[in-house]
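Quick look at run-v3.cif (mmCIF, C-alpha atoms):
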data_model
loop_
_atom_site.label_atom_id
_atom_site.label_comp_id
_atom_site.auth_asym_id
_atom_site.auth_seq_id
_atom_site.Cartn_x
_atom_site.Cartn_y
_atom_site.Cartn_z
CA ARG A 1 0.75 -7.50 103.97
CA TYR A 2 3.13 -5.60 101.76
CA SER A 3 5.68 -5.23 104.57
CA ALA A 4 5.49 -8.94 105.32
CA SER A 5 5.86 -10.06 101.71
CA ARG A 6 8.70 -7.57 101.19
CA ALA A 7 10.59 -8.84 104.23
CA THR A 8 10.22 -12.58 103.59
CA ARG A 9 9.72 -12.72 99.80
CA GLN A 10 7.54 -15.74 100.60
CA PRO A 11 3.78 -16.25 100.26
CA ILE A 12 1.74 -14.96 103.18
CA PHE A 13 -1.22 -17.19 104.08
CA ILE A 14 -4.07 -15.87 106.24
CA ASP A 15 -6.59 -18.55 107.25
CA ASP A 16 -9.08 -16.11 108.77
CA TRP A 17 -8.60 -12.34 108.89
CA GLN A 18 -11.34 -11.91 111.49
CA ALA A 19 -9.50 -14.22 113.88
CA LEU A 20 -6.47 -11.88 113.90
CA ARG A 21 -5.79 -9.02 116.28
CA LEU A 22 -5.78 -6.12 113.82
CA SER A 23 -4.73 -2.51 114.29
CA ALA A 24 -7.39 0.16 114.62
CA ASP A 25 -6.80 1.45 111.09
CA LEU A 26 -6.71 -1.98 109.42
CA ALA A 27 -9.71 -3.62 111.12
CA PRO A 28 -12.35 -1.43 109.36
CA LEU A 29 -10.75 -2.13 105.96
CA VAL A 30 -10.84 -5.87 106.55
CA GLU A 31 -14.47 -5.70 107.66
CA LEU A 32 -15.40 -3.58 104.64
CA SER A 33 -13.72 -5.95 102.20
CA GLY A 34 -15.45 -9.02 103.61
CA ILE A 35 -12.31 -11.10 102.97
CA ARG A 36 -11.79 -14.03 105.35
CA SER A 37 -9.02 -16.21 103.86
CA SER A 38 -6.21 -14.90 101.62
CA VAL A 39 -2.81 -15.61 100.09
CA THR A 40 -0.38 -12.84 99.13
CA VAL A 41 2.81 -13.06 97.03
CA PRO A 42 5.38 -10.33 96.30
CA LEU A 43 6.00 -8.50 93.03
CA VAL A 44 9.77 -8.51 92.49
CA HIS A 45 11.72 -6.61 89.81
CA ASP A 46 15.50 -6.17 89.70
CA GLY A 47 15.76 -7.79 93.10
CA GLN A 48 13.41 -5.27 94.73
CA VAL A 49 9.92 -5.94 96.09
CA PHE A 50 7.61 -3.16 94.90
CA GLY A 51 4.14 -4.53 95.58
CA ASP A 52 2.10 -7.69 95.85
CA ILE A 53 -0.82 -9.71 94.51
CA GLU A 54 -3.48 -11.01 96.86
CA VAL A 55 -6.30 -13.48 96.28
CA GLY A 56 -9.07 -13.53 98.90
CA ARG A 57 -12.18 -15.54 99.70
CA PHE A 58 -15.33 -14.34 101.45
CA GLU A 59 -15.42 -17.56 103.46
CA VAL A 60 -12.94 -19.29 105.74
CA ARG A 61 -11.28 -21.65 103.25
CA SER A 62 -7.50 -21.65 103.33
CA PHE A 63 -5.28 -21.38 100.27
CA ASP A 64 -2.44 -23.87 99.74
CA GLU A 65 1.05 -24.00 98.23
CA ARG A 66 -0.39 -24.87 94.81
CA ASP A 67 -2.37 -21.62 94.82
CA ALA A 68 0.74 -19.70 95.86
CA ARG A 69 2.81 -21.18 93.02
CA ILE A 70 0.19 -20.21 90.46
CA LEU A 71 -0.12 -16.72 91.91
CA GLN A 72 3.65 -16.22 92.04
CA THR A 73 3.97 -17.07 88.34
CA PHE A 74 1.38 -14.40 87.53
CA ALA A 75 3.30 -11.97 89.74
CA ASP A 76 6.41 -12.72 87.67
CA HIS A 77 4.44 -11.94 84.49
CA ALA A 78 3.40 -8.58 85.92
CA ALA A 79 6.99 -7.81 86.94
CA ILE A 80 8.20 -8.52 83.39
CA ALA A 81 5.59 -6.11 82.03
CA ILE A 82 6.74 -3.39 84.43
CA GLY A 83 10.38 -4.01 83.54
CA ASN A 84 9.60 -3.90 79.83
CA ALA A 85 7.74 -0.61 80.22
CA GLY A 86 10.90 0.86 81.73
CA LEU A 87 12.96 -0.32 78.78
CA PHE A 88 10.46 1.07 76.29
CA ASN A 89 10.82 4.53 77.83
CA ASP A 90 14.18 4.68 76.07
CA LEU A 91 12.86 5.67 72.64
CA GLU A 92 16.04 4.66 70.84
CA GLU A 93 15.74 1.12 72.22
CA ALA A 94 11.97 0.86 72.08
CA LEU A 95 11.25 -0.58 68.63
CA GLU A 96 13.88 -3.33 68.64
CA LEU A 97 13.17 -4.38 72.21
CA GLN A 98 9.44 -4.17 71.75
CA THR A 99 9.56 -6.47 68.73
CA ALA A 100 12.03 -8.94 70.25
CA THR A 101 10.23 -9.06 73.60
CA ALA A 102 6.86 -9.68 71.95
CA GLU A 103 8.35 -12.55 69.92
CA VAL A 104 9.94 -14.14 73.00
CA LEU A 105 6.73 -13.86 75.03
CA ARG A 106 4.75 -15.45 72.21
CA LEU A 107 7.31 -18.26 72.10
CA ILE A 108 6.88 -18.85 75.84
CA GLY A 109 3.11 -18.95 75.38
CA GLU A 110 3.31 -21.39 72.46
CA HIS A 111 5.76 -23.77 74.20
CA PRO A 112 4.98 -23.46 77.93
CA GLY A 113 6.31 -26.92 78.82
CA ASP A 114 9.21 -27.05 76.34
CA LEU A 115 11.90 -25.08 78.14
CA GLU A 116 14.76 -25.99 75.79
CA THR A 117 12.94 -24.65 72.73
CA VAL A 118 12.07 -21.41 74.51
CA LEU A 119 15.61 -20.87 75.81
CA GLN A 120 17.03 -21.50 72.32
CA GLY A 121 14.72 -18.79 71.01
CA ILE A 122 15.68 -16.39 73.79
CA LEU A 123 19.38 -16.92 73.03
CA ALA A 124 18.83 -16.24 69.33
CA LYS A 125 17.05 -12.96 70.09
CA ALA A 126 19.65 -11.98 72.67
CA ALA A 127 22.42 -12.59 70.15
CA GLU A 128 20.58 -10.54 67.54
CA LEU A 129 20.25 -7.53 69.82
CA THR A 130 23.67 -7.72 71.50
CA GLY A 131 25.81 -8.70 68.54
CA GLY A 132 26.77 -11.98 70.20
CA GLU A 133 28.26 -14.63 67.92
CA ALA A 134 27.54 -17.51 70.30
CA GLY A 135 25.66 -18.06 73.50
CA SER A 136 24.46 -20.53 76.09
CA VAL A 137 22.08 -20.93 78.99
CA ILE A 138 23.34 -22.85 82.02
CA LEU A 139 20.94 -23.89 84.79
CA ARG A 140 21.85 -24.75 88.36
CA GLU A 141 20.90 -28.19 89.68
CA SER A 142 19.87 -29.03 93.23
CA ASN A 143 23.36 -30.30 94.17
CA GLY A 144 25.07 -27.10 93.00
CA ASP A 145 26.29 -28.49 89.68
CA GLN A 146 25.39 -26.60 86.51
CA ARG A 147 24.15 -27.98 83.18
CA TYR A 148 24.23 -26.49 79.67
CA VAL A 149 20.59 -26.64 78.51
CA ALA A 150 20.58 -24.37 75.44
CA SER A 151 23.08 -22.97 72.97
CA TYR A 152 23.39 -20.51 70.10
CA GLY A 153 26.02 -20.82 67.40
CA PRO A 154 28.04 -23.87 66.23
CA ALA A 155 30.88 -23.25 68.69
CA MET A 156 28.65 -23.93 71.71
CA GLU A 157 26.60 -26.85 70.37
CA PRO A 158 29.05 -29.51 71.73
CA TYR A 159 28.38 -28.29 75.25
CA ILE A 160 24.64 -29.09 75.33
CA GLY A 161 24.04 -31.50 78.22
CA THR A 162 27.49 -30.92 79.70
CA VAL A 163 27.54 -30.76 83.50
CA ILE A 164 29.89 -28.38 85.27
CA PRO A 165 30.74 -29.56 88.80
CA ALA A 166 29.99 -26.97 91.45
CA HIS A 167 33.69 -26.46 92.26
CA GLU A 168 34.48 -25.63 88.60
CA SER A 169 31.73 -23.12 87.84
CA ILE A 170 32.89 -19.82 86.42
CA SER A 171 33.98 -17.36 89.08
CA ALA A 172 33.16 -13.68 88.96
CA GLN A 173 36.87 -13.08 89.58
CA VAL A 174 37.52 -14.00 85.94
CA PHE A 175 35.61 -10.96 84.73
CA ASP A 176 36.82 -7.39 84.42
CA SER A 177 33.73 -5.44 85.40
CA GLU A 178 30.00 -5.37 86.05
CA PHE A 179 27.22 -3.24 84.58
CA ASP A 180 23.53 -3.39 85.38
CA GLY A 181 23.83 -6.89 86.83
CA VAL A 182 25.90 -8.26 83.94
CA ILE A 183 29.52 -9.31 84.48
CA HIS A 184 31.81 -9.27 81.46
CA THR A 185 35.40 -9.49 80.34
CA ASP A 186 37.10 -8.09 77.27
CA ASP A 187 39.19 -11.24 76.66
CA PHE A 188 38.03 -14.42 78.37
CA THR A 189 40.80 -16.49 76.76
CA ALA A 190 43.50 -14.38 78.35
CA ALA A 191 41.67 -14.11 81.68
CA VAL A 192 41.35 -17.88 82.25
CA ARG A 193 44.85 -18.90 81.18
CA GLY A 194 46.27 -21.15 83.90
CA ARG A 195 42.97 -21.33 85.83
CA GLY A 196 42.18 -24.96 85.06
CA GLN A 197 41.20 -27.41 82.33
CA TYR A 198 37.51 -26.52 82.13
CA TYR A 199 38.14 -22.81 81.66
CA GLU A 200 40.88 -23.29 79.06
CA GLU A 201 38.86 -25.89 77.15
CA LEU A 202 35.87 -23.56 77.04
CA ALA A 203 38.04 -20.78 75.67
CA LYS A 204 39.56 -23.08 73.04
CA VAL A 205 36.58 -25.18 71.91
CA GLY A 206 34.05 -22.36 72.20
CA ARG A 207 36.51 -19.80 70.78
CA VAL A 208 35.44 -17.44 73.57
CA ARG A 209 37.04 -14.01 73.65
CA SER A 210 34.74 -11.17 74.75
CA HIS A 211 32.22 -12.71 77.15
CA ALA A 212 29.23 -11.44 79.17
CA ILE A 213 27.05 -13.22 81.76
CA SER A 214 23.59 -12.25 83.00
CA PHE A 215 22.44 -14.23 86.01
CA ILE A 216 18.97 -15.73 85.86
CA THR A 217 17.30 -15.21 89.22
CA HIS A 218 14.02 -16.20 90.80
CA HIS A 219 13.05 -14.35 93.97
CA GLY A 220 16.60 -13.38 94.75
CA GLU A 221 18.03 -16.86 94.15
CA VAL A 222 20.36 -17.49 91.20
CA VAL A 223 18.94 -20.41 89.21
CA GLY A 224 21.17 -20.13 86.14
CA SER A 225 22.97 -17.81 83.76
CA LEU A 226 22.70 -16.52 80.20
CA HIS A 227 26.01 -16.14 78.37
CA MET A 228 26.91 -14.17 75.25
CA TYR A 229 30.24 -14.66 73.49
CA ARG A 230 32.26 -13.12 70.69
CA HIS A 231 35.04 -14.91 68.85
CA GLU A 232 37.19 -11.79 68.79
CA VAL A 233 38.17 -9.19 71.35
CA LYS A 234 35.29 -6.78 70.89
CA PRO A 235 33.86 -5.72 74.28
CA PHE A 236 30.10 -5.48 74.72
CA SER A 237 28.76 -1.95 75.10
CA LYS A 238 26.62 -0.81 78.04
CA ALA A 239 23.55 -0.74 75.79
CA GLU A 240 24.22 -4.33 74.70
CA LEU A 241 24.69 -5.48 78.29
CA LYS A 242 21.41 -3.83 79.26
CA ARG A 243 19.63 -5.73 76.50
CA GLN A 244 21.23 -8.98 77.62
CA ALA A 245 19.94 -8.44 81.15
CA ALA A 246 16.42 -8.01 79.74
CA PHE A 247 16.63 -11.41 78.05
CA ALA A 248 17.87 -13.04 81.24
CA ALA A 249 14.66 -11.78 82.86
CA GLN A 250 12.69 -13.40 80.03
CA ALA A 251 14.55 -16.66 80.68
CA SER A 252 13.53 -16.47 84.34
CA LEU A 253 9.89 -16.12 83.33
CA ALA A 254 10.21 -19.05 80.90
CA ILE A 255 11.62 -21.27 83.66
CA ALA A 256 8.84 -20.32 86.08
CA ASN A 257 6.22 -20.97 83.39
CA ALA A 258 7.68 -24.37 82.51
CA ASN A 259 7.85 -25.41 86.17
CA LEU A 260 4.22 -24.47 86.73
CA PHE A 261 3.03 -26.06 83.51
CA ASN A 262 4.79 -29.36 84.20
CA ASP A 263 3.96 -29.43 87.91
CA LEU A 264 0.22 -28.98 88.15
CA ASP A 265 -2.98 -30.52 86.79
CA ALA A 266 -5.53 -28.92 84.46
CA ALA A 267 -2.91 -28.15 81.82
CA LEU A 268 -5.33 -26.76 79.25
CA GLU A 269 -6.84 -24.21 81.62
CA ARG A 270 -3.37 -23.24 82.78
CA GLN A 271 -2.01 -22.95 79.26
CA THR A 272 -4.94 -20.75 78.23
CA ALA A 273 -4.33 -18.47 81.20
CA MET A 274 -0.60 -18.23 80.52
CA THR A 275 -1.19 -17.48 76.85
CA ASP A 276 -3.67 -14.72 77.65
CA VAL A 277 -1.35 -13.10 80.19
CA LEU A 278 1.69 -13.37 77.91
CA ASP A 279 -0.28 -11.82 75.05
CA ALA A 280 -1.19 -8.92 77.33
CA VAL A 281 2.43 -8.50 78.45
CA SER A 282 3.78 -8.67 74.88
CA THR A 283 1.47 -5.89 73.67
CA ALA A 284 1.82 -3.66 76.74
CA ARG A 285 3.74 -0.42 76.43
CA ASP A 286 3.29 2.38 78.97
CA ASP A 287 -0.28 1.36 79.85
CA LEU A 288 0.00 -1.68 82.11
CA GLN A 289 -3.62 -1.75 83.25
CA PRO A 290 -4.65 -4.45 80.70
CA VAL A 291 -1.83 -6.67 81.99
CA PHE A 292 -2.87 -6.22 85.61
CA ASP A 293 -6.54 -6.85 84.79
CA THR A 294 -5.73 -10.04 82.85
CA VAL A 295 -3.48 -11.29 85.65
CA ALA A 296 -6.21 -10.61 88.22
CA ARG A 297 -8.89 -12.38 86.21
CA HIS A 298 -6.90 -15.58 85.69
CA ALA A 299 -5.49 -15.59 89.21
CA ARG A 300 -9.04 -15.54 90.53
CA GLN A 301 -10.07 -18.44 88.30
CA LEU A 302 -7.07 -20.70 88.86
CA CYS A 303 -6.83 -20.07 92.60
CA SER A 304 -10.61 -20.31 93.16
CA GLY A 305 -10.70 -16.91 94.80
CA ALA A 306 -13.58 -14.48 95.22
CA ASN A 307 -11.51 -11.31 94.93
CA VAL A 308 -8.06 -10.36 93.63
CA GLY A 309 -6.00 -7.25 94.23
CA LEU A 310 -2.71 -6.25 92.65
CA PHE A 311 -0.90 -3.47 94.50
CA VAL A 312 2.10 -1.52 93.21
CA LYS A 313 4.16 0.74 95.46
CA GLU A 314 4.29 4.35 94.29
CA GLY A 315 6.31 6.50 96.61
CA ALA A 316 4.94 6.06 100.13
CA ARG A 317 1.69 4.31 99.22
CA LEU A 318 0.39 1.12 97.66
CA VAL A 319 -1.82 1.78 94.67
CA GLY A 320 -4.50 -0.71 93.60
CA ALA A 321 -3.57 -1.43 89.99
CA GLY A 322 -5.77 -4.35 89.05
CA SER A 323 -8.72 -6.21 90.56
CA ASP A 324 -11.39 -8.76 89.85
CA GLY A 325 -14.44 -9.16 92.03
CA PRO A 326 -17.20 -7.10 93.65
CA GLN A 327 -15.05 -5.21 96.13
CA PRO A 328 -13.22 -2.03 95.04
CA LEU A 329 -9.50 -1.67 95.62
CA ALA A 330 -8.30 0.71 98.30
CA LEU A 331 -5.20 2.86 98.47
CA PHE A 332 -2.93 2.24 101.46
CA GLU A 333 -0.78 5.11 102.70
#

Represent the structure from my file as structure tokens, please.
Amino acid sequence: RYSASRATRQPIFIDDWQALRLSADLAPLVELSGIRSSVTVPLVHDGQVFGDIEVGRFEVRSFDERDARILQTFADHAAIAIGNAGLFNDLEEALELQTATAEVLRLIGEHPGDLETVLQGILAKAAELTGGEAGSVILRESNGDQRYVASYGPAMEPYIGTVIPAHESISAQVFDSEFDGVIHTDDFTAAVRGRGQYYEELAKVGRVRSHAISFITHHGEVVGSLHMYRHEVKPFSKAELKRQAAFAAQASLAIANANLFNDLDAALERQTAMTDVLDAVSTARDDLQPVFDTVARHARQLCSGANVGLFVKEGARLVGAGSDGPQPLALFE
């Protein structure tokens, strides 16, 4: 299962495990578990698949795409918690990031269907921790165009709602260097001179000098970007760029939450589940077990499953990190 979800990064649906031709080592595990139907989605962090979440039923009753979307959103929550734990290991960064991350996660939980409000809050926190004087979030539309959906600072307010045609979107060639997934340039105004009207207008109206972009991704696909600007030539430090990347990950989670909240029925049940999981993520530090247990419990309820397993790859094995149901988790070498 893990190998399949890692290779495809897509949900894996099994209608009936007992109808499959299983290897000699896997068949006894399947029989012991009693699972018949299942759906599995990958856990992805920093572009790498490091585990999966599976919901199973003890009867032959197939899961559908709706179940997979719910489960994938919970997987994204778990990935954020794991990423945050890594950031908190840097003691110098821990207190500021811990406080800001908790505030952003609470904001997502309080406004699950109001993406603009959440992204505005994320930008404000990103600016606070990176020293940005202005900022924006731009999301990609289905036709390749990009739209400004949130801003921070007076200089970027006029751009809200502006659509950038696909052929005019900012090229990575404009930027000097890349660090930890963030591309940046010391002086955007000088870099875009002569490159076209959109670039030069952005530099002039937005008073953009030092500029950094974190791409917002969802399962390896770029869905938007988070921008931080300064109105003077004052390059962002590596520590500031690392913080910006963390907030881009929060923006990705906010987008996934909003899509799920606005897409499915039973909003109250869904909102309660999201709030509980986000509360667990926002208070998690090095101990991620409460996050995994909360994810498992709500995944079981919303996907109508009999058993849930969350598996995280540690070295050469998958470790059962969270479960809900009568069957114990196993370790897979």

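Atom CA of A:Ala246 is found 20.6 Å from atom CA of A:Asp114.
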
Name the residues in contact with A:Ala75 at a cut-off of 9 Å, using all atoms listed in the file, excluding same-chain residues fewer than 4 positions from it; report them as a PDB file with C-alpha atoms, in the coordinates of the input.
ATOM      1  CA  VAL A  41       2.810 -13.060  97.030  1.00  0.00           C
ATOM      2  CA  PRO A  42       5.380 -10.330  96.300  1.00  0.00           C
ATOM      3  CA  LEU A  43       6.000  -8.500  93.030  1.00  0.00           C
ATOM      4  CA  VAL A  44       9.770  -8.510  92.490  1.00  0.00           C
ATOM      5  CA  ASP A  52       2.100  -7.690  95.850  1.00  0.00           C
ATOM      6  CA  ILE A  53      -0.820  -9.710  94.510  1.00  0.00           C
ATOM      7  CA  ILE A  70       0.190 -20.210  90.460  1.00  0.00           C
ATOM      8  CA  LEU A  71      -0.120 -16.720  91.910  1.00  0.00           C
ATOM      9  CA  ALA A  79       6.990  -7.810  86.940  1.00  0.00           C
ATOM     10  CA  ILE A  80       8.200  -8.520  83.390  1.00  0.00           C
ATOM     11  CA  VAL A 295      -3.480 -11.290  85.650  1.00  0.00           C
ATOM     12  CA  LEU A 310      -2.710  -6.250  92.650  1.00  0.00           C
TER      13      LEU A 310
END

Fewer than 3 positions away in the same chain doesn't count, so skip those; otherwise give me all residues within 10 Å of stretch 15-24 of chain A, counting only C-alpha atoms, as a VMD selection string. chain A and resid 12 27 to 31 34 to 39 57 to 63

Under the PyMOL selection byres ((chain A and resi 77) around 8), which residues of this model are included? Write them out as a PyMOL selection string. chain A and resi 73-76+78-81+253+277-278+281

Which is closest to A:Met274 among A:Leu288, A:Ile213, A:Ala299, A:Val308, if we use all atoms listed in the file?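 Closest to A:Met274, using all atoms listed in the file: A:Ala299.
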
Any chance you could work out the residue set of the PyMOL selection byres ((chain A and resi 157) around 12) here, as a PyMOL selection string? chain A and resi 120+134-137+148-156+158-162+202+205-206

When you look at A:Ala126 with a cut-off of 12 Å (counting all atoms listed in the file), what residues show up, excluding the ones that are within fewer than 5 positions of it in the same chain? I need them as a PyMOL selection string. chain A and resi 96-97+100-101+103-104+119-121+131-137+151-152+212-214+226-229+240-251

Just-selected residues, C-alpha atoms written as a PDB file, in the coordinates of the input:
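Everything below was put into again31.pdb:
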ATOM      1  CA  GLU A  96      13.880  -3.330  68.640  1.00  0.00           C
ATOM      2  CA  LEU A  97      13.170  -4.380  72.210  1.00  0.00           C
ATOM      3  CA  ALA A 100      12.030  -8.940  70.250  1.00  0.00           C
ATOM      4  CA  THR A 101      10.230  -9.060  73.600  1.00  0.00           C
ATOM      5  CA  GLU A 103       8.350 -12.550  69.920  1.00  0.00           C
ATOM      6  CA  VAL A 104       9.940 -14.140  73.000  1.00  0.00           C
ATOM      7  CA  LEU A 119      15.610 -20.870  75.810  1.00  0.00           C
ATOM      8  CA  GLN A 120      17.030 -21.500  72.320  1.00  0.00           C
ATOM      9  CA  GLY A 121      14.720 -18.790  71.010  1.00  0.00           C
ATOM     10  CA  GLY A 131      25.810  -8.700  68.540  1.00  0.00           C
ATOM     11  CA  GLY A 132      26.770 -11.980  70.200  1.00  0.00           C
ATOM     12  CA  GLU A 133      28.260 -14.630  67.920  1.00  0.00           C
ATOM     13  CA  ALA A 134      27.540 -17.510  70.300  1.00  0.00           C
ATOM     14  CA  GLY A 135      25.660 -18.060  73.500  1.00  0.00           C
ATOM     15  CA  SER A 136      24.460 -20.530  76.090  1.00  0.00           C
ATOM     16  CA  VAL A 137      22.080 -20.930  78.990  1.00  0.00           C
ATOM     17  CA  SER A 151      23.080 -22.970  72.970  1.00  0.00           C
ATOM     18  CA  TYR A 152      23.390 -20.510  70.100  1.00  0.00           C
ATOM     19  CA  ALA A 212      29.230 -11.440  79.170  1.00  0.00           C
ATOM     20  CA  ILE A 213      27.050 -13.220  81.760  1.00  0.00           C
ATOM     21  CA  SER A 214      23.590 -12.250  83.000  1.00  0.00           C
ATOM     22  CA  LEU A 226      22.700 -16.520  80.200  1.00  0.00           C
ATOM     23  CA  HIS A 227      26.010 -16.140  78.370  1.00  0.00           C
ATOM     24  CA  MET A 228      26.910 -14.170  75.250  1.00  0.00           C
ATOM     25  CA  TYR A 229      30.240 -14.660  73.490  1.00  0.00           C
ATOM     26  CA  GLU A 240      24.220  -4.330  74.700  1.00  0.00           C
ATOM     27  CA  LEU A 241      24.690  -5.480  78.290  1.00  0.00           C
ATOM     28  CA  LYS A 242      21.410  -3.830  79.260  1.00  0.00           C
ATOM     29  CA  ARG A 243      19.630  -5.730  76.500  1.00  0.00           C
ATOM     30  CA  GLN A 244      21.230  -8.980  77.620  1.00  0.00           C
ATOM     31  CA  ALA A 245      19.940  -8.440  81.150  1.00  0.00           C
ATOM     32  CA  ALA A 246      16.420  -8.010  79.740  1.00  0.00           C
ATOM     33  CA  PHE A 247      16.630 -11.410  78.050  1.00  0.00           C
ATOM     34  CA  ALA A 248      17.870 -13.040  81.240  1.00  0.00           C
ATOM     35  CA  ALA A 249      14.660 -11.780  82.860  1.00  0.00           C
ATOM     36  CA  GLN A 250      12.690 -13.400  80.030  1.00  0.00           C
ATOM     37  CA  ALA A 251      14.550 -16.660  80.680  1.00  0.00           C
TER      38      ALA A 251
END

Starting from the displayed file, determine the output of the PyMOL selection byres ((chain A and resi 47) around 10) and express the residue list as number ranges by chain. A: 43-46, 48-50, 217-221

State, in Å with one decimal place, the distance from atom CA of A:Asn143 to atom CA of A:Ala191. 27.4 Å

Please measure the separation of atom CA of A:Ala102 and atom CA of A:Thr294, giving the value in Å to one decimal.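 Between atom CA of A:Ala102 and atom CA of A:Thr294 the gap is 16.7 Å.
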
Across A:His231, A:Thr189, A:Val55, A:His298, the smallest distance to A:Glu269, with all atoms listed in the file counted, is shown by A:His298

From A:Ser252, A:Ser225, A:Gln301, A:Ser142, residue lying nearest A:Pro165 [all atoms listed in the file]: A:Ser142

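Using all atoms listed in the file for every distance, the candidate list A:Ile216, A:Ala190, A:Ala273, A:Ala254 yields A:Ala254 as the residue closest to A:Val118.
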
For the point (20.1, -22.1, 84.2) in file coordinates, what residues are within 6 Å, counting all atoms listed in the file? Give the answer as a PDB file with C-alpha atoms, keeping the file's coordinate frame?
ATOM      1  CA  VAL A 137      22.080 -20.930  78.990  1.00  0.00           C
ATOM      2  CA  ILE A 138      23.340 -22.850  82.020  1.00  0.00           C
ATOM      3  CA  LEU A 139      20.940 -23.890  84.790  1.00  0.00           C
ATOM      4  CA  ARG A 140      21.850 -24.750  88.360  1.00  0.00           C
ATOM      5  CA  VAL A 223      18.940 -20.410  89.210  1.00  0.00           C
ATOM      6  CA  GLY A 224      21.170 -20.130  86.140  1.00  0.00           C
ATOM      7  CA  SER A 225      22.970 -17.810  83.760  1.00  0.00           C
TER       8      SER A 225
END

Tell me which of A:Phe175, A:Ile255, A:Glu168, A:Ser33 sits closest to A:Gln197, counting all atoms listed in the file.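 Result for the nearest residue to A:Gln197: A:Glu168.
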
Nearest to A:His184 by atom-to-atom distance, counting all atoms listed in the file, from A:Arg270, A:Lys234, A:Arg69, A:His167: A:Lys234
